[in-house]
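Trainee: I'm passing along work.txt; it holds compact mmCIF, C-alpha atoms.
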```txt
# COMPACT_ATOMS: atom_id res chain seq x y z
CA MET A 1 -44.30 68.58 -10.76
CA VAL A 2 -46.98 69.61 -8.28
CA ILE A 3 -47.57 65.99 -7.26
CA GLY A 4 -43.85 65.46 -6.65
CA GLY A 5 -43.77 68.64 -4.57
CA LEU A 6 -46.73 67.46 -2.48
CA ALA A 7 -45.15 64.05 -1.99
CA ALA A 8 -41.99 65.69 -0.69
CA LEU A 9 -44.03 67.94 1.59
CA PHE A 10 -45.90 65.02 3.18
CA CYS A 11 -43.06 62.52 3.19
CA SER A 12 -42.42 61.33 6.75
CA GLU A 13 -38.91 60.18 5.90
CA VAL A 14 -36.54 62.80 7.29
CA LYS A 15 -32.84 62.17 6.96
CA ALA A 16 -30.15 63.33 9.35
CA THR A 17 -28.10 66.15 7.90
CA PRO A 18 -24.48 65.48 6.94
CA VAL A 19 -22.03 67.50 9.04
CA HIS A 20 -18.49 68.58 8.29
CA LEU A 21 -16.34 68.27 11.39
CA PRO A 22 -12.61 67.71 11.76
CA PRO A 23 -11.51 64.08 11.50
CA PRO A 24 -9.53 62.47 14.30
CA GLY A 25 -5.77 62.45 14.00
CA PRO A 26 -3.70 59.30 14.50
CA ARG A 27 -2.99 60.16 18.17
CA ASP A 28 -6.51 61.29 19.18
CA THR A 29 -8.00 59.20 21.95
CA CYS A 30 -11.55 58.88 23.20
CA PRO A 31 -11.92 60.96 26.38
CA VAL A 32 -14.26 58.34 27.86
CA CYS A 33 -12.45 55.03 27.27
CA GLY A 34 -8.96 56.12 26.20
CA MET A 35 -8.90 54.11 22.94
CA PHE A 36 -7.28 55.54 19.84
CA VAL A 37 -10.14 56.72 17.62
CA ALA A 38 -8.72 56.84 14.06
CA PRO A 39 -8.49 53.03 13.60
CA TYR A 40 -12.27 52.83 14.05
CA ARG A 41 -13.24 55.16 11.21
CA PHE A 42 -16.59 53.43 10.69
CA TRP A 43 -17.58 54.25 14.29
CA VAL A 44 -16.12 57.76 14.79
CA ALA A 45 -18.18 60.37 16.58
CA THR A 46 -16.98 63.96 16.98
CA ILE A 47 -17.80 67.06 18.97
CA ALA A 48 -16.52 70.33 17.54
CA TYR A 49 -16.30 73.23 19.95
CA ALA A 50 -16.81 76.87 18.99
CA ASP A 51 -13.16 77.61 19.84
CA GLY A 52 -11.95 75.19 17.13
CA GLU A 53 -11.04 72.31 19.43
CA ALA A 54 -12.61 68.88 18.92
CA ALA A 55 -13.21 65.72 20.93
CA HIS A 56 -13.36 62.38 19.10
CA PHE A 57 -14.96 59.13 20.23
CA ASP A 58 -14.76 55.50 19.15
CA GLY A 59 -18.54 55.27 18.94
CA ALA A 60 -21.84 56.97 19.64
CA LYS A 61 -22.15 55.24 23.03
CA ASP A 62 -19.05 56.97 24.43
CA LEU A 63 -20.11 60.26 22.81
CA PHE A 64 -23.39 60.13 24.73
CA LYS A 65 -21.66 59.11 27.96
CA TYR A 66 -19.59 62.28 27.55
CA LEU A 67 -22.60 64.46 26.73
CA THR A 68 -24.70 63.15 29.63
CA ASP A 69 -21.91 63.74 32.18
CA MET A 70 -19.82 66.64 30.88
CA PRO A 71 -18.59 67.66 34.36
CA ARG A 72 -16.87 64.26 34.57
CA TRP A 73 -15.46 64.00 31.05
CA ALA A 74 -15.23 67.44 29.45
CA GLY A 75 -12.71 69.30 31.61
CA GLY A 76 -14.88 72.33 32.37
CA ARG A 77 -16.51 72.64 28.96
CA LYS A 78 -20.26 73.09 28.69
CA ILE A 79 -22.96 72.09 26.20
CA THR A 80 -23.14 75.75 25.14
CA ASP A 81 -19.49 75.55 23.98
CA ILE A 82 -20.40 72.96 21.32
CA ALA A 83 -20.63 74.05 17.68
CA GLY A 84 -21.45 70.64 16.16
CA ILE A 85 -21.86 66.96 16.99
CA GLY A 86 -21.57 64.16 14.46
CA VAL A 87 -21.79 60.36 14.37
CA THR A 88 -20.86 58.01 11.54
CA SER A 89 -23.89 56.66 9.70
CA TYR A 90 -23.70 52.86 9.45
CA TYR A 91 -24.67 52.37 5.81
CA ASP A 92 -22.90 55.23 4.05
CA THR A 93 -20.16 55.86 6.65
CA ARG A 94 -20.44 59.63 6.52
CA LEU A 95 -20.68 61.97 9.49
CA ILE A 96 -24.27 63.02 10.23
CA ASP A 97 -25.82 65.27 12.85
CA ALA A 98 -26.00 63.25 16.08
CA LYS A 99 -29.22 64.87 17.28
CA ASP A 100 -31.09 63.85 14.11
CA ALA A 101 -29.60 60.35 13.76
CA ILE A 102 -31.65 57.30 14.64
CA TYR A 103 -29.88 54.63 16.70
CA VAL A 104 -30.36 50.86 16.90
CA MET A 105 -29.52 49.01 20.12
CA GLY A 106 -29.02 45.31 20.76
CA SER A 107 -27.97 44.20 17.30
CA ASP A 108 -25.46 41.54 16.33
CA VAL A 109 -23.11 44.31 15.14
CA LEU A 110 -20.66 45.28 17.88
CA GLY A 111 -18.54 48.42 17.99
CA PRO A 112 -15.02 48.84 19.39
CA MET A 113 -16.43 48.90 22.95
CA GLY A 114 -18.99 46.11 22.52
CA HIS A 115 -22.72 46.77 22.33
CA GLU A 116 -23.19 50.08 20.59
CA LEU A 117 -25.73 52.67 19.52
CA VAL A 118 -25.57 52.10 15.76
CA PRO A 119 -26.37 55.41 13.99
CA HIS A 120 -28.55 55.72 10.91
CA GLU A 121 -29.57 58.72 8.89
CA SER A 122 -33.22 57.71 8.49
CA GLN A 123 -35.97 55.71 10.16
CA ASP A 124 -36.12 53.43 7.10
CA ASP A 125 -32.38 52.67 7.38
CA ALA A 126 -32.73 52.01 11.10
CA GLU A 127 -35.69 49.65 10.55
CA GLU A 128 -33.83 47.77 7.80
CA PHE A 129 -30.73 47.43 9.99
CA ARG A 130 -32.84 46.31 12.97
CA ARG A 131 -34.43 43.55 10.88
CA ASP A 132 -31.17 42.46 9.21
CA HIS A 133 -29.06 42.50 12.37
CA LYS A 134 -31.52 41.37 15.04
CA GLY A 135 -31.70 44.80 16.68
CA LYS A 136 -33.83 45.04 19.79
CA ARG A 137 -34.67 48.72 20.01
CA ILE A 138 -34.63 51.95 18.00
CA VAL A 139 -33.98 55.20 19.87
CA ARG A 140 -33.43 58.87 19.12
CA SER A 141 -30.88 61.12 20.79
CA SER A 142 -33.57 62.52 23.09
CA ASP A 143 -34.17 58.98 24.45
CA ILE A 144 -30.54 58.43 25.45
CA THR A 145 -29.95 58.65 29.20
CA PRO A 146 -27.19 57.50 31.54
CA ALA A 147 -29.44 54.58 32.57
CA LEU A 148 -29.91 53.52 28.93
CA LEU A 149 -26.13 53.70 28.37
CA ALA A 150 -25.44 51.62 31.50
CA ALA A 151 -27.98 49.03 30.36
CA LEU A 152 -26.35 48.94 26.92
CA ASP A 153 -22.95 48.29 28.55
CA ASP A 154 -24.58 45.43 30.48
CA GLY A 155 -26.16 43.95 27.35
CA ARG A 156 -29.70 44.98 28.31
CA PHE A 157 -31.77 46.66 25.62
CA GLU A 158 -35.23 47.14 27.15
```
Take the structure from the file and write it as structure tokens.
Mentor:
Amino acid sequence: MVIGGLAALFCSEVKATPVHLPPPGPRDTCPVCGMFVAPYRFWVATIAYADGEAAHFDGAKDLFKYLTDMPRWAGGRKITDIAGIGVTSYYDTRLIDAKDAIYVMGSDVLGPMGHELVPHESQDDAEEFRRDHKGKRIVRSSDITPALLAALDDGRFE
């Protein structure tokens, strides 16, 4: 039992935490691109605000566009208004904490809006996906900038 406890203590594999946020309704649209979100349940990303409102996105890429330019997209809301942010994990299709997710860029898997940040709950999952789907780059939420998102839209993954 002690050995198992030590292994868990020194294990570098940290998984993104599942989050429980409201699902999109059939009429919810992405505030960035205007697409209906519910048909793309394997790509859904959600922001839940402290006041109970939510914003839904058709992928992590549009979620991060929103987060990196809230004055443009969020109608006066601020980062401090946010209670939770989730993205759909590629392999198990459950909502996980967006800040802890690991994203693969430049793969042969496209989202509803083309090249996408494909979320994974662990580094191991991201590495496996990158190998299996010809991914070019693995990033964390802290690496995601407007310039990276613009490059992704243009099919550049450097």
Trainee: Edge lengths and centre in Å to one decimal, as AutoDock Vina command-line options, of the axis-aligned box that encloses all listed atoms of region 27-35 of chain A with 4 Å added on every side?
Mentor:
```
--center_x -8.6 --center_y 57.7 --center_z 23.0 --size_x 19.3 --size_y 15.2 --size_z 17.7
```
Trainee: Out of A:Val109, A:Met35, A:Leu95, A:Ala54, which residue has the shortest atom-to-atom distance to Asp81 (chain A) when counting all atoms listed in the file?
Mentor: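 Nearest candidate to Asp81 (chain A) out of A:Val109, A:Met35, A:Leu95, A:Ala54: A:Ala54.
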Trainee: Within 10 Å of region 28-32 of chain A, counting all atoms listed in the file, which residues qualify if same-chain residues fewer than 5 places away don't, as a PyMOL selection string?
Mentor: chain A and resi 23+37-38+44-46+54-59+61-66+72-75
Trainee: Which residue, A:Glu53, A:Asp125, A:Asp153, A:Asp132, has the smallest gap to Ile102 (chain A) when you use all atoms listed in the file?
Mentor: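 The answer is A:Asp125, which sits nearest to Ile102 (chain A).
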Trainee: At a cut-off of 12 Å, using all atoms listed in the file, what residues contact region 141-144 of chain A? Leave out same-chain residues fewer than 6 positions from it and give the result as a ChimeraX atom specification.
Mentor: /A:16,60-68,85-87,97-105,117-120,150-152,157
